[in-house]
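A.B. asks: Please see the structure below; I have some questions.
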Amino acid sequence: MTKAEIIEMVHRRSYLPKNEAGEVTELVFEMIRQTLERGEDVKLPGFGNFMVREKCSRVGRNPKTGEE
(Lines give C-alpha, C1' and ligand atoms only; values in the text may rest on other atoms or scores of the structure.)
Protein backbone atom coordinates (compact mmCIF):
# COMPACT_ATOMS: atom_id res chain seq x y z
CA MET A 1 0.00 0.00 0.00
CA THR A 2 1.32 3.42 -0.90
CA LYS A 3 0.90 6.75 0.86
CA ALA A 4 -1.37 7.88 -1.98
CA GLU A 5 -3.62 4.87 -1.37
CA ILE A 6 -3.76 5.66 2.36
CA ILE A 7 -4.71 9.26 1.58
CA GLU A 8 -7.43 8.03 -0.79
CA MET A 9 -8.84 5.73 1.91
CA VAL A 10 -8.85 8.54 4.49
CA HIS A 11 -10.55 10.78 1.94
CA ARG A 12 -13.30 8.24 1.21
CA ARG A 13 -13.94 7.17 4.79
CA SER A 14 -13.82 10.56 6.49
CA TYR A 15 -15.48 12.66 3.77
CA LEU A 16 -12.61 15.15 4.10
CA PRO A 17 -11.49 16.87 0.90
CA LYS A 18 -8.56 15.01 -0.62
CA ASN A 19 -6.08 17.78 0.17
CA GLU A 20 -7.11 17.79 3.85
CA ALA A 21 -6.93 13.99 3.98
CA GLY A 22 -3.38 14.29 2.66
CA GLU A 23 -2.49 16.88 5.29
CA VAL A 24 -3.87 14.68 8.08
CA THR A 25 -1.98 11.65 6.78
CA GLU A 26 1.26 13.64 6.50
CA LEU A 27 0.76 14.99 10.02
CA VAL A 28 0.36 11.47 11.47
CA PHE A 29 3.49 10.24 9.67
CA GLU A 30 5.42 13.31 10.82
CA MET A 31 4.37 12.74 14.44
CA ILE A 32 5.51 9.11 14.23
CA ARG A 33 8.84 10.18 12.69
CA GLN A 34 9.48 12.83 15.37
CA THR A 35 8.68 10.38 18.16
CA LEU A 36 11.12 7.82 16.73
CA GLU A 37 13.81 10.52 16.35
CA ARG A 38 13.49 11.26 20.09
CA GLY A 39 14.28 7.59 20.73
CA GLU A 40 10.78 6.69 21.86
CA ASP A 41 8.79 3.70 20.61
CA VAL A 42 5.45 4.08 18.82
CA LYS A 43 2.78 1.50 19.67
CA LEU A 44 -0.43 1.45 17.65
CA PRO A 45 -2.65 -1.39 18.94
CA GLY A 46 -4.12 -3.40 16.10
CA PHE A 47 -1.59 -1.96 13.65
CA GLY A 48 1.99 -2.39 14.83
CA ASN A 49 4.94 -1.26 16.90
CA PHE A 50 7.70 0.97 15.58
CA MET A 51 11.14 1.36 17.12
CA VAL A 52 14.60 2.37 16.03
CA ARG A 53 17.20 -0.37 16.44
CA GLU A 54 20.95 -0.12 16.11
CA LYS A 55 22.48 -2.69 13.81
CA CYS A 56 26.09 -3.62 13.12
CA SER A 57 27.42 -2.52 9.76
CA ARG A 58 27.73 -5.09 6.97
CA VAL A 59 30.01 -5.39 4.00
CA GLY A 60 28.21 -4.57 0.77
CA ARG A 61 29.01 -6.49 -2.39
CA ASN A 62 28.42 -5.84 -6.07
CA PRO A 63 26.18 -8.75 -7.15
CA LYS A 64 27.71 -8.85 -10.64
CA THR A 65 31.38 -8.89 -9.64
CA GLY A 66 31.31 -9.98 -6.01
CA GLU A 67 33.56 -7.01 -5.23
CA GLU A 68 33.20 -5.50 -1.74
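Order determines the names: the first chain of the C-alpha coordinates is A, the second B, and so forth; residues in each chain are numbered 1 upward, and ligands are numbered 1 upward as they are shown.
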Give me, as a short mmCIF file (atom, residue, chain, number, x, y, z; two decimals) with all heavy atoms, in the first residue's frame, all polymer residues having an atom no more than 8 Å from Thr25 in chain A, counting only C-alpha atoms and skipping those fewer than 5 positions away in the same chain.

C.D. replies:
```cif
data_model
loop_
_atom_site.label_atom_id
_atom_site.label_comp_id
_atom_site.auth_asym_id
_atom_site.auth_seq_id
_atom_site.Cartn_x
_atom_site.Cartn_y
_atom_site.Cartn_z
N ILE A 6 -3.29 5.35 1.01
CA ILE A 6 -3.76 5.66 2.36
C ILE A 6 -4.54 6.97 2.35
O ILE A 6 -5.62 7.07 2.95
CB ILE A 6 -2.57 5.73 3.34
CG1 ILE A 6 -1.94 4.35 3.50
CG2 ILE A 6 -3.01 6.28 4.69
CD1 ILE A 6 -0.64 4.34 4.27
N ILE A 7 -4.02 7.97 1.67
CA ILE A 7 -4.71 9.26 1.58
C ILE A 7 -6.08 9.08 0.94
O ILE A 7 -7.07 9.63 1.40
CB ILE A 7 -3.85 10.28 0.81
CG1 ILE A 7 -2.62 10.65 1.63
CG2 ILE A 7 -4.66 11.53 0.44
CD1 ILE A 7 -1.58 11.45 0.88
N VAL A 10 -8.44 7.54 3.49
CA VAL A 10 -8.85 8.54 4.49
C VAL A 10 -9.87 9.48 3.89
O VAL A 10 -10.89 9.81 4.51
CB VAL A 10 -7.62 9.32 5.03
CG1 VAL A 10 -8.04 10.50 5.89
CG2 VAL A 10 -6.69 8.39 5.81
#
```

A.B. asks: Need to verify the contact set: range 50-62 of chain A, 7 Å, only C-alpha atoms, exclusion of same-chain residues closer than 6 positions in sequence. Can you return it as an MDAnalysis selection string?

C.D. replies: chainID A and resid 36 41:43 68

A.B. asks: Mind checking DSSP for chain A and telling me the alpha helix (DSSP H) residues as number ranges by chain?

C.D. replies: A: 3-14, 18-37

A.B. asks: Which one is closest to Asn19 in chain A: A:Gln34, A:Ala4, A:Phe47, A:Gly39? Count only C-alpha atoms.

C.D. replies: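 Of all the options, A:Ala4 lies closest to Asn19 in chain A.
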
A.B. asks: By how many Å are CA of Glu40 in chain A and CA of Met9 in chain A apart?

C.D. replies: 28.0 Å

A.B. asks: Please identify all polymer residues within 12 Å of Glu20 in chain A, counting only C-alpha atoms, omitting same-chain residues fewer than 6 positions from it, and present them as a list in words.

C.D. replies: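 Listing them by chain and then by number gives Ile7, Glu8, Val10, His11, Arg12, Ser14, Glu26 and Leu27 of chain A.
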
A.B. asks: Looking only at the backbone, which of the residues in chain A does DSSP tag as strand (DSSP E), as a PDB file with all heavy atoms, in the first residue's frame?

C.D. replies:
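Result file follows (out_13.pdb):
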```
ATOM      1  N   VAL A  42       6.818   3.753  19.203  1.00  0.00           N
ATOM      2  CA  VAL A  42       5.447   4.082  18.821  1.00  0.00           C
ATOM      3  C   VAL A  42       4.661   2.778  18.803  1.00  0.00           C
ATOM      4  O   VAL A  42       5.036   1.841  18.104  1.00  0.00           O
ATOM      5  CB  VAL A  42       5.393   4.764  17.431  1.00  0.00           C
ATOM      6  CG1 VAL A  42       3.946   5.013  17.009  1.00  0.00           C
ATOM      7  CG2 VAL A  42       6.186   6.048  17.436  1.00  0.00           C
ATOM      8  N   LYS A  43       3.601   2.711  19.593  1.00  0.00           N
ATOM      9  CA  LYS A  43       2.777   1.503  19.667  1.00  0.00           C
ATOM     10  C   LYS A  43       1.360   1.853  19.242  1.00  0.00           C
ATOM     11  O   LYS A  43       0.702   2.680  19.863  1.00  0.00           O
ATOM     12  CB  LYS A  43       2.778   0.949  21.088  1.00  0.00           C
ATOM     13  CG  LYS A  43       4.154   0.507  21.534  1.00  0.00           C
ATOM     14  CD  LYS A  43       4.163   0.016  22.951  1.00  0.00           C
ATOM     15  CE  LYS A  43       5.591  -0.343  23.334  1.00  0.00           C
ATOM     16  NZ  LYS A  43       5.686  -0.803  24.715  1.00  0.00           N
ATOM     17  N   LEU A  44       0.912   1.227  18.168  1.00  0.00           N
ATOM     18  CA  LEU A  44      -0.432   1.446  17.651  1.00  0.00           C
ATOM     19  C   LEU A  44      -1.178   0.113  17.719  1.00  0.00           C
ATOM     20  O   LEU A  44      -1.036  -0.728  16.818  1.00  0.00           O
ATOM     21  CB  LEU A  44      -0.377   1.965  16.208  1.00  0.00           C
ATOM     22  CG  LEU A  44       0.412   3.258  15.998  1.00  0.00           C
ATOM     23  CD1 LEU A  44       0.575   3.546  14.530  1.00  0.00           C
ATOM     24  CD2 LEU A  44      -0.261   4.409  16.711  1.00  0.00           C
ATOM     25  N   GLY A  48       0.596  -1.981  14.729  1.00  0.00           N
ATOM     26  CA  GLY A  48       1.992  -2.393  14.828  1.00  0.00           C
ATOM     27  C   GLY A  48       2.777  -1.543  15.795  1.00  0.00           C
ATOM     28  O   GLY A  48       2.286  -0.547  16.320  1.00  0.00           O
ATOM     29  N   ASN A  49       4.010  -1.975  16.033  1.00  0.00           N
ATOM     30  CA  ASN A  49       4.937  -1.259  16.897  1.00  0.00           C
ATOM     31  C   ASN A  49       6.114  -0.804  16.054  1.00  0.00           C
ATOM     32  O   ASN A  49       6.611  -1.545  15.205  1.00  0.00           O
ATOM     33  CB  ASN A  49       5.434  -2.166  18.026  1.00  0.00           C
ATOM     34  CG  ASN A  49       4.317  -2.626  18.926  1.00  0.00           C
ATOM     35  OD1 ASN A  49       3.354  -1.921  19.153  1.00  0.00           O
ATOM     36  ND2 ASN A  49       4.448  -3.831  19.439  1.00  0.00           N
ATOM     37  N   PHE A  50       6.578   0.413  16.309  1.00  0.00           N
ATOM     38  CA  PHE A  50       7.699   0.973  15.580  1.00  0.00           C
ATOM     39  C   PHE A  50       8.778   1.353  16.580  1.00  0.00           C
ATOM     40  O   PHE A  50       8.477   1.928  17.631  1.00  0.00           O
ATOM     41  CB  PHE A  50       7.278   2.230  14.801  1.00  0.00           C
ATOM     42  CG  PHE A  50       6.191   1.970  13.804  1.00  0.00           C
ATOM     43  CD1 PHE A  50       4.859   2.052  14.174  1.00  0.00           C
ATOM     44  CD2 PHE A  50       6.501   1.648  12.501  1.00  0.00           C
ATOM     45  CE1 PHE A  50       3.850   1.808  13.255  1.00  0.00           C
ATOM     46  CE2 PHE A  50       5.504   1.410  11.573  1.00  0.00           C
ATOM     47  CZ  PHE A  50       4.176   1.490  11.958  1.00  0.00           C
TER      48      PHE A  50
END
```

A.B. asks: So how many Å separate CA of Arg38 in chain A and CA of Met1 in chain A, to one decimal?

C.D. replies: 26.7 Å
